[in-house]
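Chemist: Below is one structure. I have some questions about it.
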Amino acid sequence: MISEFQPRACDPVIKIADIAYLRFGRRDVALACRYFKDFGLIESARDNGRIYFRGILPQHHCVIIEPARHDSFLAMGLRAKSHDDLAHLAHAMQATIQQSPEPGGGRRVELVDPSGLRVEVVHGLQDLPTLPHREARLANGPLARPRINRPQPILAAPADVFRLGHLVLQRQEFARNANWYINTFGLIASDVEVLPVSGEAVLTFLRCDRGADLSDHHTIVIAASPQDTYDHAAFEALDLDSVALGCEWLQHQGWVKSWGVGRHVLGSQLFSYHYDPSGFAVEHYTDGDLFDADYPTRYHPTCKSGLYAWGPDLPAHFIDMRPSLTLITAIIRGLRTRTEFSLKRLAAMKRAFDVPARPWVGRRFQRPKAL
Ligand SMILES: [Fe+2]
């Protein structure tokens, strides 16, 4: 049976506090570590071949790199608000609470999402002292002039990365996966993208329910896709200079840029995307929207132009629909086994994304002829 997307749950199992960490498997751990240091993360521990990275904020780690035969995204960590929530989750999902054997400690419950991704819900992960960072830039403008006799310092360093902000997952079954995250973890749809003709929901930005306290516009994004895969993860940087100069720094070190710097429409973040050495996209962002739990869900037609308010033209590789053996195999398997997955929806999504985001890109100035 095909499930219908619901933007909020009446009675979720628990309401998570935030995303906690990402766990990547890498053939070349040393290379991955060099990338994430250039990205702006800081090593916090090593154990059993795994390397743990943190941001400036106190959480013990937000990225784990572990040796693997294939480059892969292994698991997502979510942070429970309390041990009682963890116990309630374990009981409701028929799982067990384990003491984490890893650096940072805490207790966790391991679940599997409807597409087979391991989700580790943790509580009690250790906090470390906050790390030093530069001051945020002061910006002079016509309405305020806070920077007097203080030229902007010239910076050449990795971005000041404070924390992991969100994870975007591509899923063959959009509603089934989105509803699972909403019903299990109390997430709220901040924005929903729908197909222009049918109105069918195909992407949602989900935020944590913290009541009157503020949450990021999105912590998890579920997007309908030809295959179940990691799309990108995003980390909050100090300010626009951190995003833009962090982007320069990565390229200076030989890493490959994906897209940016620009400003998103839904979520409003200033963004810059790069590829890690295994081809996984990673984003720096700053100045994202913050909502309380009362802010209503908004609906929009899905399209390329809705991805950014300004910035360089969206590169073709950002939404990669090129056929490959892996993709075709995934589509055939999805059509056989997934009730919600259809070629009709894929075709409708392709039509929506075939409309150029910026039709004027490439126009050249024609000098007027002299009279
Ligand atoms: Fe993002």
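In the structure tokens, chains take letters A, B, ... by order of appearance, with residues numbered from 1 within each chain and ligands from 1 in the order shown.
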Using only C-alpha atoms and all ligand atoms, tabulate the residues of chain A lying at most 9 Å from any atom of ligand 1, each with its closest atom pair and that distance in Å to one decimal, by chain and increasing residue number, as a Markdown table.

Modeler:
| residue | atom | partner | partner_atom_place_in_ligand_line | distance |
| --- | --- | --- | --- | --- |
| A:Gly165 | CA | ligand 1 | 1 (Fe) | 8.4 |
| A:His166 | CA | ligand 1 | 1 (Fe) | 6.6 |
| A:Leu167 | CA | ligand 1 | 1 (Fe) | 7.0 |
| A:Val168 | CA | ligand 1 | 1 (Fe) | 6.7 |
| A:His218 | CA | ligand 1 | 1 (Fe) | 8.6 |
| A:Val221 | CA | ligand 1 | 1 (Fe) | 8.4 |
| A:Asp231 | CA | ligand 1 | 1 (Fe) | 8.9 |
| A:His232 | CA | ligand 1 | 1 (Fe) | 6.6 |
| A:Ala233 | CA | ligand 1 | 1 (Fe) | 6.3 |
| A:Ala234 | CA | ligand 1 | 1 (Fe) | 5.2 |
| A:Phe235 | CA | ligand 1 | 1 (Fe) | 8.5 |
| A:His264 | CA | ligand 1 | 1 (Fe) | 8.7 |
| A:Gly267 | CA | ligand 1 | 1 (Fe) | 8.9 |
| A:Gln269 | CA | ligand 1 | 1 (Fe) | 8.4 |
| A:Phe271 | CA | ligand 1 | 1 (Fe) | 7.7 |
| A:Tyr273 | CA | ligand 1 | 1 (Fe) | 8.4 |
| A:Val282 | CA | ligand 1 | 1 (Fe) | 8.2 |
| A:Glu283 | CA | ligand 1 | 1 (Fe) | 6.2 |
| A:His284 | CA | ligand 1 | 1 (Fe) | 8.2 |
| A:Tyr285 | CA | ligand 1 | 1 (Fe) | 7.7 |

Chemist: Taking the DSSP assignment computed from this structure's backbone, write out as number ranges by chain all residues of segment 186-312 of chain A that belong to strand (DSSP E).

Modeler: A: 188-194, 201-207, 215-216, 220-224, 229-237, 256-263, 270-275, 281-286, 290-291, 298-301

Chemist: I need the residues from that last selection saved to file as a PDB file, in the first residue's frame (with C-alpha atoms), if you can.

Modeler:
ATOM      1  CA  ILE A 188       8.133  18.596  11.507  1.00  0.00           C
ATOM      2  CA  ALA A 189       8.022  19.432   7.794  1.00  0.00           C
ATOM      3  CA  SER A 190       9.168  23.052   7.437  1.00  0.00           C
ATOM      4  CA  ASP A 191       8.754  23.029   3.652  1.00  0.00           C
ATOM      5  CA  VAL A 192       7.430  20.497   1.164  1.00  0.00           C
ATOM      6  CA  GLU A 193       8.144  20.455  -2.572  1.00  0.00           C
ATOM      7  CA  VAL A 194       5.424  19.010  -4.801  1.00  0.00           C
ATOM      8  CA  ALA A 201       4.999  15.583  -2.463  1.00  0.00           C
ATOM      9  CA  VAL A 202       8.553  14.661  -3.543  1.00  0.00           C
ATOM     10  CA  LEU A 203      10.849  16.443  -1.068  1.00  0.00           C
ATOM     11  CA  THR A 204      10.584  17.681   2.481  1.00  0.00           C
ATOM     12  CA  PHE A 205      12.791  19.680   4.830  1.00  0.00           C
ATOM     13  CA  LEU A 206      12.300  18.279   8.346  1.00  0.00           C
ATOM     14  CA  ARG A 207      13.151  20.117  11.565  1.00  0.00           C
ATOM     15  CA  SER A 215      15.316  24.631  15.595  1.00  0.00           C
ATOM     16  CA  ASP A 216      17.196  24.789  12.318  1.00  0.00           C
ATOM     17  CA  ILE A 220      16.976  15.837   7.846  1.00  0.00           C
ATOM     18  CA  VAL A 221      15.810  16.184   4.240  1.00  0.00           C
ATOM     19  CA  ILE A 222      14.100  13.340   2.392  1.00  0.00           C
ATOM     20  CA  ALA A 223      14.036  13.663  -1.404  1.00  0.00           C
ATOM     21  CA  ALA A 224      12.343  11.334  -3.898  1.00  0.00           C
ATOM     22  CA  THR A 229      21.568   7.150  -1.384  1.00  0.00           C
ATOM     23  CA  TYR A 230      23.357   9.807   0.612  1.00  0.00           C
ATOM     24  CA  ASP A 231      22.960  13.213  -1.032  1.00  0.00           C
ATOM     25  CA  HIS A 232      24.979  15.592   1.165  1.00  0.00           C
ATOM     26  CA  ALA A 233      25.658  16.656   4.732  1.00  0.00           C
ATOM     27  CA  ALA A 234      26.026  20.255   5.904  1.00  0.00           C
ATOM     28  CA  PHE A 235      28.057  21.880   8.664  1.00  0.00           C
ATOM     29  CA  GLU A 236      27.434  25.287  10.206  1.00  0.00           C
ATOM     30  CA  ALA A 237      30.271  27.775   9.743  1.00  0.00           C
ATOM     31  CA  VAL A 256      37.046  19.847  -5.866  1.00  0.00           C
ATOM     32  CA  LYS A 257      34.234  22.360  -5.559  1.00  0.00           C
ATOM     33  CA  SER A 258      30.654  21.377  -6.382  1.00  0.00           C
ATOM     34  CA  TRP A 259      28.568  24.571  -6.184  1.00  0.00           C
ATOM     35  CA  GLY A 260      28.493  27.962  -4.506  1.00  0.00           C
ATOM     36  CA  VAL A 261      28.801  30.405  -2.937  1.00  0.00           C
ATOM     37  CA  GLY A 262      25.095  31.233  -3.046  1.00  0.00           C
ATOM     38  CA  ARG A 263      21.952  31.608  -0.940  1.00  0.00           C
ATOM     39  CA  LEU A 270      24.453  30.956   2.500  1.00  0.00           C
ATOM     40  CA  PHE A 271      26.060  27.819   1.085  1.00  0.00           C
ATOM     41  CA  SER A 272      29.112  26.277  -0.544  1.00  0.00           C
ATOM     42  CA  TYR A 273      29.373  22.606  -1.588  1.00  0.00           C
ATOM     43  CA  HIS A 274      32.453  20.470  -2.124  1.00  0.00           C
ATOM     44  CA  TYR A 275      33.262  16.837  -2.846  1.00  0.00           C
ATOM     45  CA  ALA A 281      29.139  16.112  -1.253  1.00  0.00           C
ATOM     46  CA  VAL A 282      29.704  18.169   1.897  1.00  0.00           C
ATOM     47  CA  GLU A 283      28.361  21.675   2.527  1.00  0.00           C
ATOM     48  CA  HIS A 284      29.444  24.680   4.568  1.00  0.00           C
ATOM     49  CA  TYR A 285      26.543  26.973   5.489  1.00  0.00           C
ATOM     50  CA  THR A 286      25.690  29.946   7.642  1.00  0.00           C
ATOM     51  CA  LEU A 290      15.294  29.184  12.711  1.00  0.00           C
ATOM     52  CA  PHE A 291      11.721  28.145  13.525  1.00  0.00           C
ATOM     53  CA  ARG A 298       4.748  25.621   3.458  1.00  0.00           C
ATOM     54  CA  TYR A 299       4.285  23.968   0.025  1.00  0.00           C
ATOM     55  CA  HIS A 300       6.099  24.826  -3.226  1.00  0.00           C
ATOM     56  CA  PRO A 301       6.362  23.422  -6.766  1.00  0.00           C
TER      57      PRO A 301
END

Chemist: Given only C-alpha atoms as the basis, pick out the residue of A:Ser72, A:Thr297, A:Gln366, A:Thr184 nearest to Leu111 of chain A.

Modeler: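 With only C-alpha atoms as the atom set, the closest residue is A:Thr184.
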
Chemist: Would you pick out the contacts of Gly334 of chain A at 10 Å or less, using only C-alpha atoms, so that residues sharing its chain but fewer than 2 positions from it are not included, and give the list as a ChimeraX atom specification?

Modeler: /A:172-173,226-228,328-332,336-343

Chemist: I'd like the neighbourhood of Leu250 of chain A as a PyMOL selection string, where a residue qualifies if any of its atoms comes within 9 Å (using only C-alpha atoms), though same-chain residues fewer than 3 positions away should be ignored.

Modeler: chain A and resi 35+38-39+158+245-247+253-257+274

Chemist: Which residues of segment 209-300 of chain A sit at most 8 Å from segment 27-32 of chain A, using only C-alpha atoms? Give each one's shortest atom pair and distance in Å (one decimal place), in chain and ascending residue order, as CSV.

Modeler:
residue,atom,partner,partner_atom,distance
A:Asp276,CA,A:Ala32,CA,7.2
A:Pro277,CA,A:Ala32,CA,6.5
A:Ser278,CA,A:Ala32,CA,7.9

Chemist: Quick one: write out the picked residues with C-alpha atoms as a compact mmCIF listing (two decimals), in the first residue's frame?

Modeler:
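The resulting result_36.txt:
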# COMPACT_ATOMS: atom_id res chain seq x y z
CA ASP A 276 35.23 14.78 -0.38
CA PRO A 277 37.86 12.46 -1.97
CA SER A 278 35.26 9.68 -2.31

Chemist: Any idea what's packed within 12 Å of Asp47 of chain A, counting only C-alpha atoms, ignoring anything in its chain fewer than 6 positions away? Could you give it as a PyMOL selection string?

Modeler: chain A and resi 53+64-67+101-104

Chemist: Could you jot down the atom CA of Ile16 of chain A to atom CA of Asp239 of chain A separation for me, Å, one decimal place?

Modeler: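 Atom CA of Asp239 of chain A lies 26.7 Å from atom CA of Ile16 of chain A.
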
Chemist: Just want the 10 Å neighbourhood of Ser82 of chain A, counted on only C-alpha atoms, with same-chain residues fewer than 4 positions away dropped. Output as a ChimeraX atom specification.

Modeler: /A:14-17,86-88,122-124

Chemist: Would you mind telling me which residue in A:Ala68, A:Cys208, A:Leu78, A:Leu307 lies nearest to Ile182 of chain A when using only C-alpha atoms?

Modeler: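 Selected residue with least distance to Ile182 of chain A: A:Cys208.
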
Chemist: Taking 4 positions as the minimum chain separation for residues in the same chain, which residues sit within 8 Å of segment 112-121 of chain A when counting only C-alpha atoms? Answer as a compact mmCIF listing (two decimals) with N, CA and C atoms, in the first residue's frame.

Modeler:
# COMPACT_ATOMS: atom_id res chain seq x y z
N LEU A 74 27.68 4.87 6.35
CA LEU A 74 27.31 3.71 7.16
C LEU A 74 26.13 3.96 8.09
N ALA A 75 26.06 5.16 8.67
CA ALA A 75 25.01 5.39 9.67
C ALA A 75 24.90 6.88 10.00
N MET A 76 23.73 7.22 10.51
CA MET A 76 23.48 8.57 11.03
C MET A 76 23.22 8.45 12.52
N GLY A 77 23.78 9.39 13.29
CA GLY A 77 23.49 9.45 14.72
C GLY A 77 22.52 10.58 15.00
N LEU A 78 21.51 10.31 15.83
CA LEU A 78 20.56 11.35 16.27
C LEU A 78 20.65 11.45 17.79
N ARG A 79 20.43 12.65 18.32
CA ARG A 79 20.58 12.87 19.76
C ARG A 79 19.21 12.87 20.43
N ALA A 80 19.01 11.94 21.38
CA ALA A 80 17.76 11.91 22.16
C ALA A 80 17.82 12.99 23.24
N LEU A 86 15.14 7.62 25.34
CA LEU A 86 15.86 6.49 24.74
C LEU A 86 15.20 5.17 25.14
N ARG A 108 23.05 4.11 23.45
CA ARG A 108 22.40 4.28 22.16
C ARG A 108 21.46 3.12 21.84
N ARG A 171 15.68 9.06 -1.61
CA ARG A 171 14.94 7.84 -1.34
C ARG A 171 13.98 7.50 -2.48
N ARG A 176 7.05 6.95 2.45
CA ARG A 176 7.30 5.90 3.46
C ARG A 176 8.47 6.30 4.36
N ASN A 177 9.53 6.82 3.76
CA ASN A 177 10.70 7.21 4.55
C ASN A 177 10.44 8.48 5.35
N TRP A 180 8.26 7.81 8.27
CA TRP A 180 8.96 7.06 9.33
C TRP A 180 9.77 8.01 10.19
N TYR A 181 10.50 8.93 9.58
CA TYR A 181 11.30 9.88 10.38
C TYR A 181 10.40 10.80 11.20
N ASP A 228 18.21 4.93 -3.53
CA ASP A 228 18.40 5.25 -2.11
C ASP A 228 19.86 5.57 -1.90

Chemist: Enter the distance from atom CA of Asn183 of chain A to atom CA of Val13 of chain A, in Å, rounded to one decimal.

Modeler: 6.4 Å

Chemist: Expressed in Å to a single decimal, how great is the separation between atom CA of His83 of chain A and atom CA of Ala20 of chain A?

Modeler: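 Straight-line distance from atom CA of His83 of chain A to atom CA of Ala20 of chain A works out to 15.3 Å.
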